[in-house]
Structure formats: structure tokens, C-alpha cells
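Since the structure comes first, as C-alpha cells, the remarks are kept for the end.
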Amino acid sequence: MAKDDKKNAWKEFFWNPRTREFCGRTASSWGLILLFYLAFYIFLAGLFALTMYVMLQTLDDHRPTYQDRLSTPGMMIRPKGDQLEIAYTVEYTETWERYVQALNNFLSPYNDTVQAQKNYECEPDHYFIQEDSGSLKNFPKRSCQFKRSILEDCAGLSDRYYGYSDGKPCIIIKLNRVIGLLPAEDGQPPYVTCGAKKYKVGKDEWADDSDKLGEVVYFPPNGTFNLMYYPYYGKKAQVNYSQPLVAIKFINITMNEDVNVECKINANNIPEGSERDKFAGRISFKLRINSRD
């Protein structure tokens with residue numbers, strides 16, 4: 001009897017035909033509850049939409065409202081190789097043709113004809129400032145020409161193999177884009193220097209490959225990033241912007257040896273990078289050029 005009473009009690013809880021209640025509530029009670037939650041969630045959705053709308057009004061499509069960046073921009077090389085190691089054998093074309101192809105692809109937007117069509121001839125050695133005029137936005141902003149012919153022997157024009165076929169390879173260096181960066185004071189442009197990287201050989205002993213590095217030539221001369229390419233205004237504001245490049249050519253590097261190289265940016269308005277971030281203001285890579293001769 002107790003078991004049957006318990007069963008009947010559960011049945012009446014789910015549906016009571018005498019009071020016409022479902023789970024202890026009438027249809028009107030359930031309707032009011034559903035109406036309350038519908039109104040409540042519509043209010044929450046409206047509040048969220050209003051909050052997002054107000055927040056979006058504070059944002060600029062062309063420039064970040066808040067910019068949290070490293071004080072020292074990063075550097076990168078082309079070609080990158082495998083884990084920043086460039087190794088090949090001069091006599092075997094298949095070992096270095098991928099580096100040549102990578103440079104061709106990277107420099108194609110810098111073709112002189114492309115740059116002449118899209119960008120402007122700017123006054124060198126001066127910042128190219130393009131401020132807005134009050135509420136009138138100066139968009140899109142103009143960009144200065146960087147023609148690949150500026151890289152001379154490393155442009156892939158006079159030597160379509162970039163020196164890889166004769167053991168005198170070119171490496172292209174670029175500085176990461178940073179919106180609003182003015183990299184120099186007193187008109188002194190930033191410039192790149194490359195040398196042998198120090199590495200640890202013992203507990204308190206260090207060594208480098210200075211005797212293996214040989215002569216290094218820079219293009220443009222002195223490895224400078226001209227001031228006319230700064231400041232950068234952002235991808236949307238400056239759609240045709242071409243990053244300035246510096247090419248380095250290794251003239252007589254020691255063959256059949258690993259050579260550790262470090263390049264860094266030098267500027268009086270950019271602090272030196274931290275040792276904890278190997279790409280902040282510097283880049284380290286390894287070269288190994290083999291030859292059967």
C-alpha cells in the first residue's frame with residue numbers, strides 16, 4: 001500500500017487532473033515564469049549590445065586606442081632557413097635554389113615598377129608625417145617607395161641568384177612594423193650592424209666566429225633604414241606601406257664551417273633589446289656554406 005501511495009504521489013506531482021497542475025504549477029503560473037525569464041534575458045542581451053556599442057564607439061578603425069608593445073621592435077631575416085640556419089653546398093643547385101625562390105617571392109612587391117605605380121617619391125632623411133586635419137581624417141595615407149634596386153648587388157637584378165651560386169650569399173633584414181614609431185632623434189637614422197655572435201664554450205669561457213666571418217657589405221650603404229619610411233600608421237590607414245629593408249652580403253665567409261652571426265639595430269631612440277628576447281632589436285642565425293673545392 002505504501003508503495004502504491006508513493007507512486008500515485010509522483011504521478012500527481014507531474015500531472016494533477018483535479019487541479020490541472022503540471023509539476024505543482026498551473027498553466028498560468030508557468031506562463032508568468034516563462035514571461036519573466038524571457039523579459040530578463042532580453043534585458044541582458046540588450047544591455048550587452050549597448051555595452052558593446054558604446055565600447056566600439058571609442059575605437060578607431062585605423063589606429064589602436066591602446067597600444068601595448070615592446071619598446072624595442074623585433075627583427076627577422078629572409079630567407080629564414082630551417083630554425084634560422086642557412087646551409088647549402090655551392091656546387092649543388094638543389095641545396096640553395098629554395099633560398100633564391102624565397103627571396104624572389106619576398107622581394108616581388110618591391111619591384112621598381114610596382115613601387116612606382118603604388119607609392120610616392122618622398123624626401124629622404126626626414127620623417128614623413130601625415131597628420132589628420134581636425135575631424136577630417138587623412139586616409140588612406142601615402143607610402144614612400146622602396147624599390148628593390150636600392151639593394152644593388154642583393155636585389156636579384158644583376159645577379160638573379162643573390163650570390164648563392166658563388167658562395168657570397170645575401171641576407172635580407174627587416175624591422176617589425178610598429179605603429180607610430182619614430183626610431184631616431186636629431187636626424188640620425190637607425191642602422192644595422194652584423195658581426196660574429198658570442199657563444200659559450202665553457203663554464204666561464206666565451207668564443208665567437210670573427211675569424212670565419214670575413215667581409216660584410218651592406219645595402220643601402222651603412223645598412224640604414226631611411227627616416228622617410230617612418231612613422232608607420234597601420235595596415236588599414238597605410239594600405240600600400242612597404243617596409244624598408246637592409247641587405248647584407250657575405251663576401252669571403254669561411255667555407256665548410258659553421259658561422260654564428262648576430263645582426264642588431266642601432267638607434268638613439270630605440271633601447272637595446274633584452275637577452276631574454278632574442279628577436280628584440282636583434283637577430284641571430286647560423287650560416288654554413290659548403291664547397292667541394
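Every chain in the C-alpha cells takes a letter, A first, then B, and so on in the order presented; its residues are numbered from 1, and the ligands are numbered from 1 following the presented order.
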
So which bits of range 116-262 of chain A end up helix (DSSP H, G or I) when you DSSP the backbone, as a PyMOL selection string? chain A and resi 116-118+148-154+164-166+210-213+221-223+227-229

Could you write out the selected residues, including N, CA, C and O atoms, as a PDB file, in the first residue's frame?
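Result file follows (part.pdb):
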ATOM      1  N   ALA A 116      56.695  52.212 -58.167  1.00  0.00           N
ATOM      2  CA  ALA A 116      56.424  53.467 -58.889  1.00  0.00           C
ATOM      3  C   ALA A 116      54.934  53.658 -59.123  1.00  0.00           C
ATOM      4  O   ALA A 116      54.440  54.795 -59.152  1.00  0.00           O
ATOM      5  N   GLN A 117      54.214  52.568 -59.272  1.00  0.00           N
ATOM      6  CA  GLN A 117      52.780  52.633 -59.529  1.00  0.00           C
ATOM      7  C   GLN A 117      51.974  52.923 -58.258  1.00  0.00           C
ATOM      8  O   GLN A 117      50.998  53.682 -58.291  1.00  0.00           O
ATOM      9  N   LYS A 118      52.386  52.329 -57.126  1.00  0.00           N
ATOM     10  CA  LYS A 118      51.580  52.397 -55.907  1.00  0.00           C
ATOM     11  C   LYS A 118      52.017  53.479 -54.933  1.00  0.00           C
ATOM     12  O   LYS A 118      51.180  54.038 -54.207  1.00  0.00           O
ATOM     13  N   ARG A 148      63.382  47.667 -55.019  1.00  0.00           N
ATOM     14  CA  ARG A 148      64.363  46.614 -54.752  1.00  0.00           C
ATOM     15  C   ARG A 148      65.732  46.941 -55.328  1.00  0.00           C
ATOM     16  O   ARG A 148      66.752  46.428 -54.854  1.00  0.00           O
ATOM     17  N   SER A 149      65.781  47.819 -56.327  1.00  0.00           N
ATOM     18  CA  SER A 149      67.071  48.203 -56.910  1.00  0.00           C
ATOM     19  C   SER A 149      67.957  48.918 -55.890  1.00  0.00           C
ATOM     20  O   SER A 149      69.180  48.993 -56.072  1.00  0.00           O
ATOM     21  N   ILE A 150      67.358  49.440 -54.807  1.00  0.00           N
ATOM     22  CA  ILE A 150      68.144  50.070 -53.746  1.00  0.00           C
ATOM     23  C   ILE A 150      69.101  49.058 -53.121  1.00  0.00           C
ATOM     24  O   ILE A 150      70.176  49.425 -52.631  1.00  0.00           O
ATOM     25  N   LEU A 151      68.736  47.789 -53.171  1.00  0.00           N
ATOM     26  CA  LEU A 151      69.562  46.746 -52.559  1.00  0.00           C
ATOM     27  C   LEU A 151      70.741  46.337 -53.433  1.00  0.00           C
ATOM     28  O   LEU A 151      71.489  45.415 -53.079  1.00  0.00           O
ATOM     29  N   GLU A 152      70.861  46.926 -54.598  1.00  0.00           N
ATOM     30  CA  GLU A 152      72.007  46.771 -55.506  1.00  0.00           C
ATOM     31  C   GLU A 152      72.380  45.305 -55.736  1.00  0.00           C
ATOM     32  O   GLU A 152      71.601  44.550 -56.306  1.00  0.00           O
ATOM     33  N   ASP A 153      73.538  44.883 -55.262  1.00  0.00           N
ATOM     34  CA  ASP A 153      74.014  43.515 -55.549  1.00  0.00           C
ATOM     35  C   ASP A 153      73.112  42.439 -54.946  1.00  0.00           C
ATOM     36  O   ASP A 153      73.189  41.272 -55.344  1.00  0.00           O
ATOM     37  N   CYS A 154      72.276  42.819 -53.987  1.00  0.00           N
ATOM     38  CA  CYS A 154      71.377  41.855 -53.341  1.00  0.00           C
ATOM     39  C   CYS A 154      69.926  42.027 -53.795  1.00  0.00           C
ATOM     40  O   CYS A 154      69.004  41.514 -53.149  1.00  0.00           O
ATOM     41  N   TYR A 164      74.295  33.252 -54.041  1.00  0.00           N
ATOM     42  CA  TYR A 164      74.338  31.893 -53.500  1.00  0.00           C
ATOM     43  C   TYR A 164      75.116  30.944 -54.397  1.00  0.00           C
ATOM     44  O   TYR A 164      75.695  29.966 -53.914  1.00  0.00           O
ATOM     45  N   SER A 165      75.139  31.217 -55.670  1.00  0.00           N
ATOM     46  CA  SER A 165      75.818  30.309 -56.603  1.00  0.00           C
ATOM     47  C   SER A 165      77.334  30.396 -56.517  1.00  0.00           C
ATOM     48  O   SER A 165      78.030  29.485 -56.953  1.00  0.00           O
ATOM     49  N   ASP A 166      77.851  31.488 -55.954  1.00  0.00           N
ATOM     50  CA  ASP A 166      79.309  31.616 -55.847  1.00  0.00           C
ATOM     51  C   ASP A 166      79.781  31.744 -54.399  1.00  0.00           C
ATOM     52  O   ASP A 166      80.886  32.229 -54.138  1.00  0.00           O
ATOM     53  N   SER A 210      84.628  35.397 -35.324  1.00  0.00           N
ATOM     54  CA  SER A 210      85.114  36.588 -36.024  1.00  0.00           C
ATOM     55  C   SER A 210      86.107  36.244 -37.123  1.00  0.00           C
ATOM     56  O   SER A 210      86.118  36.859 -38.201  1.00  0.00           O
ATOM     57  N   ASP A 211      86.946  35.240 -36.878  1.00  0.00           N
ATOM     58  CA  ASP A 211      87.957  34.876 -37.861  1.00  0.00           C
ATOM     59  C   ASP A 211      87.362  34.165 -39.075  1.00  0.00           C
ATOM     60  O   ASP A 211      88.009  34.037 -40.111  1.00  0.00           O
ATOM     61  N   LYS A 212      86.107  33.708 -38.963  1.00  0.00           N
ATOM     62  CA  LYS A 212      85.455  32.998 -40.066  1.00  0.00           C
ATOM     63  C   LYS A 212      84.500  33.883 -40.866  1.00  0.00           C
ATOM     64  O   LYS A 212      84.124  33.540 -41.977  1.00  0.00           O
ATOM     65  N   LEU A 213      84.093  35.006 -40.267  1.00  0.00           N
ATOM     66  CA  LEU A 213      83.023  35.806 -40.862  1.00  0.00           C
ATOM     67  C   LEU A 213      83.436  36.494 -42.150  1.00  0.00           C
ATOM     68  O   LEU A 213      82.675  36.525 -43.130  1.00  0.00           O
ATOM     69  N   PRO A 221      73.935  51.616 -48.418  1.00  0.00           N
ATOM     70  CA  PRO A 221      75.209  51.838 -47.733  1.00  0.00           C
ATOM     71  C   PRO A 221      75.011  52.120 -46.252  1.00  0.00           C
ATOM     72  O   PRO A 221      74.071  52.807 -45.840  1.00  0.00           O
ATOM     73  N   ASN A 222      75.875  51.544 -45.451  1.00  0.00           N
ATOM     74  CA  ASN A 222      75.859  51.689 -43.991  1.00  0.00           C
ATOM     75  C   ASN A 222      74.685  50.979 -43.330  1.00  0.00           C
ATOM     76  O   ASN A 222      74.490  51.069 -42.124  1.00  0.00           O
ATOM     77  N   GLY A 223      73.891  50.261 -44.113  1.00  0.00           N
ATOM     78  CA  GLY A 223      72.793  49.484 -43.553  1.00  0.00           C
ATOM     79  C   GLY A 223      71.726  50.319 -42.873  1.00  0.00           C
ATOM     80  O   GLY A 223      71.148  49.908 -41.865  1.00  0.00           O
ATOM     81  N   LEU A 227      64.722  57.582 -42.704  1.00  0.00           N
ATOM     82  CA  LEU A 227      63.668  58.128 -41.853  1.00  0.00           C
ATOM     83  C   LEU A 227      62.362  58.376 -42.596  1.00  0.00           C
ATOM     84  O   LEU A 227      61.300  58.468 -41.974  1.00  0.00           O
ATOM     85  N   MET A 228      62.405  58.471 -43.923  1.00  0.00           N
ATOM     86  CA  MET A 228      61.179  58.796 -44.667  1.00  0.00           C
ATOM     87  C   MET A 228      60.149  57.665 -44.609  1.00  0.00           C
ATOM     88  O   MET A 228      58.989  57.867 -44.950  1.00  0.00           O
ATOM     89  N   TYR A 229      60.545  56.473 -44.159  1.00  0.00           N
ATOM     90  CA  TYR A 229      59.597  55.358 -44.046  1.00  0.00           C
ATOM     91  C   TYR A 229      58.881  55.336 -42.691  1.00  0.00           C
ATOM     92  O   TYR A 229      58.130  54.406 -42.408  1.00  0.00           O
TER      93      TYR A 229
END

Please, which residues in range 154-173 of chain A fall within 12 Å of range 185-204 of chain A when counting only C-alpha atoms, and what is the closest atom pair and distance in Å to one decimal for each, ordered by chain then residue number, as a Markdown table?
| residue | atom | partner | partner_atom | distance |
| --- | --- | --- | --- | --- |
| A:Ile171 | CA | A:Cys194 | CA | 11.0 |
| A:Ile172 | CA | A:Val192 | CA | 11.1 |
| A:Ile173 | CA | A:Val192 | CA | 8.6 |

Among A:Arg292, A:Arg282, A:Arg63, A:Lys249, Gly163 in chain A is approached most closely, using only C-alpha atoms, by A:Lys249

For the contact check between range 66-125 of chain A and range 167-170 of chain A, emit one row per residue of range 66-125 of chain A within 10 Å, containing the shortest atom pair and the distance in Å rounded to one decimal, counting only C-alpha atoms, chain then rising number order, as JSON lines.
{"residue": "A:Arg78", "atom": "CA", "partner": "A:Cys170", "partner_atom": "CA", "distance": 9.0}
{"residue": "A:Pro79", "atom": "CA", "partner": "A:Cys170", "partner_atom": "CA", "distance": 9.1}
{"residue": "A:Ile86", "atom": "CA", "partner": "A:Pro169", "partner_atom": "CA", "distance": 9.9}
{"residue": "A:Tyr88", "atom": "CA", "partner": "A:Gly167", "partner_atom": "CA", "distance": 9.2}
{"residue": "A:Thr89", "atom": "CA", "partner": "A:Gly167", "partner_atom": "CA", "distance": 8.4}
{"residue": "A:Val90", "atom": "CA", "partner": "A:Gly167", "partner_atom": "CA", "distance": 6.0}
{"residue": "A:Glu91", "atom": "CA", "partner": "A:Gly167", "partner_atom": "CA", "distance": 9.3}
{"residue": "A:Trp96", "atom": "CA", "partner": "A:Pro169", "partner_atom": "CA", "distance": 9.8}
{"residue": "A:Tyr99", "atom": "CA", "partner": "A:Pro169", "partner_atom": "CA", "distance": 9.6}
{"residue": "A:Val100", "atom": "CA", "partner": "A:Cys170", "partner_atom": "CA", "distance": 9.6}
{"residue": "A:Leu103", "atom": "CA", "partner": "A:Cys170", "partner_atom": "CA", "distance": 9.3}

Could you write out the selected residues, including C-alpha atoms, as a compact mmCIF listing (two decimals), in the first residue's frame?
# COMPACT_ATOMS: atom_id res chain seq x y z
CA ARG A 78 64.86 36.40 -45.31
CA PRO A 79 65.40 33.67 -46.20
CA ILE A 86 71.09 28.58 -43.72
CA TYR A 88 73.96 24.70 -48.60
CA THR A 89 76.63 23.41 -50.96
CA VAL A 90 77.72 25.81 -53.68
CA GLU A 91 78.10 23.16 -56.39
CA TRP A 96 70.28 26.63 -52.43
CA TYR A 99 66.63 30.25 -50.71
CA VAL A 100 66.68 32.06 -54.05
CA LEU A 103 63.96 35.88 -51.82

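For Gln130 in chain A, the set of protein, DNA and RNA residues having any atom at most 10 Å away, when counting only C-alpha atoms and skipping those fewer than 3 positions along the same chain, is Tyr127, Ser133, Asn138, Phe139, Lys141, Arg142, Pro231, Tyr232 and Tyr233 of chain A.
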
Would you put the residues from that selection into a file with C-alpha atoms, as a tab-separated table (two decimals), in the first residue's frame?
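Saved the output as out_15.tsv:
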chain	number	residue	atom	x	y	z
A	127	TYR	CA	60.06	61.73	-41.19
A	133	SER	CA	43.30	67.91	-40.07
A	138	ASN	CA	43.77	61.82	-43.75
A	139	PHE	CA	43.04	58.32	-45.10
A	141	LYS	CA	47.84	57.76	-46.07
A	142	ARG	CA	50.57	57.80	-48.67
A	231	PRO	CA	56.14	56.71	-38.81
A	232	TYR	CA	54.01	53.74	-39.80
A	233	TYR	CA	50.27	54.42	-39.47
